[in-house]
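Step one of this worksheet: look at the structure below.
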Amino acid sequence: MEKLIKELQVKVVEVLNLIDVQPDDIKVDNQLVGGDLGIDSIDVLEMVIMIEKDYGVKIDNRELGVKVFATLGTLAEYIHKSSPELPN
Amino acid sequence: MTDVRVYISGMGIISPLGKGIPKTWEAIQKSLTGIRPLTLFSTASNQPLPVGEAAGPIEDESLPRTHQLARLAADQAMAKSKETPDAVVMGVTTGGMLTTEALLKKKARDPKLFCLHATGSVAEDIARRYRCTGPALTVSTACASGAAAIKIALEMLRSGSVKRVLAGGADSLCRLTYYGFNSLQLVDPESARPFDQNRRGMSVAEGAAMLLLVANEPHNAVAEILGGGLSCDAYHPATPHPRGQGALAAMQAAIEDAGISVADIDYINLHGTGTLDNDISEARAIDTLYDRQKPLMSSVKGAFGHSLAAAGAIEAVVCAISISNGLVPATVGCRHPDPDLKLEPVIQPTQRPIGTVLSNSFGFGGNNAAVVYSACGKHKPNRTCAQTQPMAILSSACVTGAGNANQTMKAIAAGKTCAGMLGIEEISANLSAGDVRRLKRFPRLALSLAIAAHENSGESDDPSAVFLGTGWGALSETSDFLTRLFETDEQFPSPIDFIGSVHNAAAGQIAMRFQATGANITMTGGDYSFEQALMAAGLLSNSIDDTFLVIGADESHPQLSRLFDRSASGSAILSDGGGALCLKAGPSASGFTIQPVFFESRENNPEVISSLIQRLERPQQINDRYGVILAGFPAASRREGEMQLQTLLAITGFNQPVIDYRKLTGEFASASAVAAVMAVKFLHDGQIPEALCKDKSVELGAKGALIIGTGDFITAMEVMPQ
């Protein structure tokens with residue numbers, strides 16, 4: 001799980017081109033969207049595609065998205081639970 | 001001062017519901033839907049999404065589908081007309097994209113194959129088809145394009161400069177929009193259900209509709225156009241304002257422009273895409289507009305799908321059918337109206353006398369347009385129309401391969417070329433990290449120019465309207481979107497690149513930066529895009545009280561520029577940049593003015609240079625009026641352009657400096673915007689630099705500068721001292 005979190009921190013910064021944000025700045029339990037990181041709804045959609053592409057996990061509706069993208073921790077948990085590519 | 005009234009004297013349509021007015025009317029009466037699973041191109045998924053495909057165009061690599069759709073609609077609109085239109089104004093967002101995608105997929109590299117890629121090539125094709133020698137203008141304001149084109153055509157007619165305009169919109173389905181909207185989770189997998197409580201999105205569609213608009217009532221008028229309103233949310237690149245502030249402003253502006261009151265409206269043709277956010281936003285706006293009883297309302301996008309730039313024009317035809325036949329279309333797809341919206345859309349086709357209709361079109365970039373149609377003579381307009389006037393120049397800015405305005409003007413004063421491309425960091429020098437995180441080269445150029453021009457104006461108030469001309473728009477975003485789409489077997493398109501690829505995304509960013517909630521127009525007319533933006537600004541400036549920005553910008557892209565832009569294909573080095581002017585309507589206390597004065601095509605127009613001279617030599621001879629000509633010769637038509645200029649010089653005997661500005665700016669579509677900034681600088685200095693006039697400086701005195709565009713079109717803009 002820790003490995004997945006580290007990996008996601010790097011990917012989020014890279015995919016969203018978060019200038020001035022270091023991977024470690026994305027804290028596991030902090031608000032991911034709409035907080036200090038400047039991540040918004042468009043970024044969420046870009047992350048949705050990245051997660052489907054890299055982990056084979058679909059997040060295709062808004063209600064689910066709100067829950068999954070609450071924090072980096074909830075995101076990692078959801079990927080971990082749903083990914084056919086990660087050992088459970 | 002005139003009192004021009006504008007009528008629809010002919011119209012044509014092709015949509016997923018069929019070709020022609022009778023078929024469309026019949027489909028509306030029966031509440032049919034044209035939305036079915038996609039068949040136009042193969043997809044990675046076994047279950048293609050529902051879309052609105054039009055039957056009619058054939059597979060033909062030499063003429064892209066959008067062009068074919070536009071021709072099929074325009075032929076109907078022109079069927080009973082013997083006279084040529086004076087101008088063509090079209091809303092187009094995808095242009096030749098469907099053909100381009102197939103070519104890029106098979107790695108075609110011959111620029112000739114891409115010659116109809118440009119959005120502007122659709123209006124040019126239509127103009128050629130009916131031997132129209134006047135302006136062929138292209139509005140690319142996303143899903144508001146068709147309605148915005150009708151508003152611009154309305155203003156052209158009101159200005160008295162033209163009597164007959166063929167206006168409308170066309171867009172074909174393509175992979176970019178099919179996958180793009182789906183990546184934003186804006187597509188309803190079951191088909192669009194506008195205003196339904198279970199709605200999940202739109203259905204992307206295609207089609208075209210064209211209207212022959214004429215000044216003063218013809219014997220065969222179908223309906224009258226009373227007015228139009230434009231606004232910008234200045235809120236978000238892709239999501240409408242949650243309370244519908246921009247939508248409300250556009251509707252209010254249209255109603256005011258029409259000279260009627262909200263109570264006069266019998267039917268509102270809603271934008272109603274079926275996305276969660278659009279329908280909430282529009283419903284809130286309507287709720288604010290009407291404190292008492294609302295008129296009948298419906299959205300036809302569950303029947304036609306959302307044909308993007310064509311939608312506003314298709315819905316103009318629907319409104320005209322509604323008025324002529326006393327028929328309110330049903331909101332096809334809406335079975336359980338969402339109670340939260342408090343909207344009560346019409347669910348069944350309803351016979352009712354309809355005198356006046358308000359039609360809404362909203363798009364990405366927060367672009368909003370609303371148009372009021374009515375039965376002929378139903379309302380008497382209380383507005384007087386006036387010719388367009390010169391606009392006061394408050395300040396300017398430019399970017400070229402040489403750097404910002406100071407660096408560019410320094411190089412030009414020394415007679416050095418500014419050709420080339422600045423690094424992305426240099427372009428972004430006046431932008432914050434937060435500004436640019438999601439912006440690639442083109443929007444950065446445009447935003448940076450807008451900020452610089454505004455800063456130079458010294459105005460504390462922000463500009464309220466934006467007019468942007470671009471030949472090619474966001475090439476980096478478009479290229480990156482398609483590259484990733486193809487590389488991932490059409491599975492993982494980038495939503496950020498899709499939003500950024502829309503031609504008007506940059507103007508939307510500028511609006512957000514300045515909270516510019518007035519008109520927000522992007523014109524895409526190839527080498528004449530800046531001229532088109534200036535023309536749109538001139539037509540709309542009377543209703544803008546504050547300052548506004550007119551910008552021309554283009555990015556060069558290492559692959560796409562050489563494929564798309566014939567002038568870049570043959571250039572040794574790629575160049576890009578642009579220019580921006582901060583303007584105000586009417587005279588200003590000091591400084592200079594700019595005005596577009598001529599725009600005609602050379603095709604079917606052997607007298608084009610005489611026609612230009614006739615326009616320019618009133619009231620003074622050219623030698624008395626202008627101290628310099630800045631002439632633009634796009635490389636692809638340089639020889640012809642030089643001959644056109646020689647003819648002009650020979651007939652007029654113009655004996656003052658002529659500056660071949662593309663040699664200084666480099667080759668890019670909106671180079672004329674930099675020429676405009678050069679003209680302002682020369683007038684400011686009162687002289688032309690020595691290096692540009694055979695080593696002797698030339699005093700301008702009280703004379704102005706004439707900026708001429710040559711090639712497929714002959715254009716002229718003048719920058720004058722007041």
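Going by the structure tokens order, chains are called A, B, ..., each with residues numbered from 1, while ligands are numbered from 1 in the order shown.
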
Selection near range 22-24 of chain A, 12 Å with only C-alpha atoms, sequence-local residues under 5 positions removed, as a ChimeraX atom specification
/A:5-17,30,37,72

Please, which residues in chain B fall within 7 Å of chain A when counting only C-alpha atoms, and what is the closest atom pair and distance in Å to one decimal for each, ordered by chain then residue number, as a tab-separated table?
residue	atom	partner	partner_atom	distance
B:Leu184	CA	A:Leu45	CA	6.3
B:Ala433	CA	A:Ile19	CA	6.5
B:Arg437	CA	A:Asn17	CA	6.0
B:Phe492	CA	A:Ile49	CA	6.0
B:Ser494	CA	A:Glu46	CA	6.2
B:Pro495	CA	A:Glu46	CA	5.7
B:Ile496	CA	A:Glu46	CA	6.5

Go ahead and write the selection's residues with N, CA and C atoms as a compact mmCIF listing (two decimals), in the first residue's frame.
# COMPACT_ATOMS: atom_id res chain seq x y z
N LEU B 184 -14.65 13.55 -20.62
CA LEU B 184 -15.10 14.49 -19.58
C LEU B 184 -16.33 13.95 -18.84
N ALA B 433 2.70 30.67 -12.15
CA ALA B 433 2.74 29.21 -12.27
C ALA B 433 1.32 28.64 -12.27
N ARG B 437 -0.29 26.16 -15.50
CA ARG B 437 -0.10 24.73 -15.26
C ARG B 437 -0.72 23.87 -16.36
N PHE B 492 -7.46 5.99 -24.03
CA PHE B 492 -7.15 6.89 -22.92
C PHE B 492 -6.88 8.32 -23.38
N SER B 494 -6.88 12.42 -23.30
CA SER B 494 -6.67 13.34 -22.18
C SER B 494 -7.77 14.39 -22.12
N PRO B 495 -8.53 14.41 -21.01
CA PRO B 495 -9.57 15.44 -20.87
C PRO B 495 -8.99 16.86 -20.87
N ILE B 496 -7.81 17.02 -20.26
CA ILE B 496 -7.22 18.37 -20.20
C ILE B 496 -6.85 18.84 -21.60

Please list as a CSV table (one decimal) with C-alpha atoms, in the first residue's frame every residue within 7 Å of range 628-630 of chain B, counting only C-alpha atoms and excluding residues in the same chain fewer than 4 positions away.
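And here is the file that came out, part-v4.csv:
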chain,number,residue,atom,x,y,z
B,656,GLN,CA,5.7,56.3,-49.7
B,657,PRO,CA,7.3,53.4,-47.9
B,658,VAL,CA,5.8,50.0,-48.3
B,659,ILE,CA,6.9,47.5,-45.7
B,660,ASP,CA,6.8,43.8,-46.4
B,661,TYR,CA,6.0,42.9,-42.8
B,675,ALA,CA,1.8,44.6,-38.2
B,705,ALA,CA,-0.8,53.6,-41.7
B,706,LEU,CA,-2.6,51.1,-44.0
B,707,ILE,CA,-2.2,47.4,-43.3
B,708,ILE,CA,-3.0,45.3,-46.3

Tell me, which residues of range 277-407 of chain B carry DSSP alpha helix (DSSP H), written as a PyMOL selection string?
chain B and resi 277-289+301-304+311-325+405-407

Applying 6 Å and only C-alpha atoms, which residues near Ala70 in chain A remain after dropping the ones on its own chain fewer than 3 positions away? List them as a list in words.
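Once the adjacent positions are removed, what remains is Gln31, Leu32 and Lys67 of chain A.
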
Write the selection just made, keeping N, CA and C atoms, as a short mmCIF file (atom, residue, chain, number, x, y, z; two decimals), in the first residue's frame?
data_model
loop_
_atom_site.label_atom_id
_atom_site.label_comp_id
_atom_site.auth_asym_id
_atom_site.auth_seq_id
_atom_site.Cartn_x
_atom_site.Cartn_y
_atom_site.Cartn_z
N GLN A 31 -7.30 16.76 2.17
CA GLN A 31 -8.24 16.94 1.07
C GLN A 31 -7.46 16.99 -0.26
N LEU A 32 -7.86 16.15 -1.21
CA LEU A 32 -7.11 16.07 -2.46
C LEU A 32 -7.59 17.12 -3.47
N LYS A 67 -16.26 10.19 -3.64
CA LYS A 67 -15.77 9.34 -2.54
C LYS A 67 -14.30 8.95 -2.76
#

Between B:Cys174, B:Ala536, B:Val674, B:Val92, which residue has the minimum interatomic distance to Thr388 in chain B, considering only C-alpha atoms?
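Among B:Cys174, B:Ala536, B:Val674, B:Val92, it is B:Ala536 that comes nearest to Thr388 in chain B.
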
Give me, please, the distance in Å between CA of Leu583 in chain B and CA of Ala144 in chain B, quoted to one decimal.
24.2 Å

Given the choices B:Ala205, B:Ser161, B:Val6, B:Leu32, which gets closest to Leu226 in chain B if the distance is worked out from only C-alpha atoms?
B:Val6

Can you list, as a ChimeraX atom specification, every protein, DNA or RNA residue that comes within 7 Å of range 289-296 of chain B when you count only C-alpha atoms, leaving out same-chain residues fewer than 4 positions away?
/B:248,265-268,285,346

Using C-alpha atoms, can you write the selected residues to a file as an mmCIF file, in the first residue's frame?
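Saved result, again_32.cif, follows:
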data_model
loop_
_atom_site.group_PDB
_atom_site.id
_atom_site.type_symbol
_atom_site.label_atom_id
_atom_site.label_comp_id
_atom_site.auth_asym_id
_atom_site.auth_seq_id
_atom_site.Cartn_x
_atom_site.Cartn_y
_atom_site.Cartn_z
ATOM 1 C CA LEU B 248 -28.796 35.052 -17.897
ATOM 2 C CA ILE B 265 -41.462 35.574 -25.462
ATOM 3 C CA ASP B 266 -43.813 32.716 -26.314
ATOM 4 C CA TYR B 267 -41.267 29.921 -26.413
ATOM 5 C CA ILE B 268 -37.682 29.406 -25.251
ATOM 6 C CA ALA B 285 -30.834 31.484 -15.243
ATOM 7 C CA VAL B 346 -42.605 20.692 -22.946
#

For a quick check of understanding, using only C-alpha atoms, which of B:Pro242, B:Gly552, B:Gly333, B:Gly96 has the smallest distance to Asn198 in chain B?
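Looking only at the distances to Asn198 in chain B, the closest residue turns out to be B:Gly333.
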
Considering only C-alpha atoms, return as a PyMOL selection string whatever protein or nucleic-acid residues lie within 6 Å of Cys418 in chain B, sequence-local ones (same chain, fewer than 4 positions apart) excluded.
chain B and resi 400-402+664-665

Between B:Tyr528, B:Trp472, B:Phe598, B:Tyr7, which has the minimum distance to Ala118 in chain B (counting only C-alpha atoms)?
B:Trp472

Any chance you could list, as a ChimeraX atom specification, the residues in range 58-119 of chain B that come up strand (DSSP E or B) when DSSP is run on the backbone?
/B:87-91

Mind giving me the straight-line distance from CA of Arg615 in chain B to CA of Ser9 in chain B in Å, one decimal?
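Taking CA of Arg615 in chain B and CA of Ser9 in chain B, their separation equals 28.8 Å.
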
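If you count only C-alpha atoms and ignore residues fewer than 2 places along the chain from Tyr55 in chain A, what sits within 10 Å of it is Ile49, Met50, Ile51, Glu52, Lys53, Val57, Lys58, Ile79, His80, Ser82, Ser83, Pro84, Glu85 and Leu86 of chain A.
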
Can you spit out the residues from that selection as a compact mmCIF listing (two decimals), in the first residue's frame, using C-alpha atoms?
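Final output, result_22.txt:
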# COMPACT_ATOMS: atom_id res chain seq x y z
CA ILE A 49 -7.98 8.32 -17.17
CA MET A 50 -4.54 7.77 -15.62
CA ILE A 51 -5.96 5.34 -13.07
CA GLU A 52 -7.85 3.40 -15.72
CA LYS A 53 -4.78 3.29 -17.95
CA VAL A 57 -9.68 0.70 -12.52
CA LYS A 58 -12.70 2.62 -13.84
CA ILE A 79 -7.28 1.24 -6.49
CA HIS A 80 -5.86 -1.42 -4.21
CA SER A 82 -10.37 -2.81 -7.37
CA SER A 83 -7.26 -3.27 -9.46
CA PRO A 84 -6.92 -6.54 -11.30
CA GLU A 85 -3.22 -5.69 -11.63
CA LEU A 86 -2.41 -5.36 -7.94

Go through B:Arg284, B:Lys694, B:Arg335, B:His117 one by one, measure the shortest atom-to-atom distance of each to Gly471 in chain B using only C-alpha atoms, and give the residue with the smallest value.
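Using only C-alpha atoms, the shortest distance to Gly471 in chain B belongs to B:His117.
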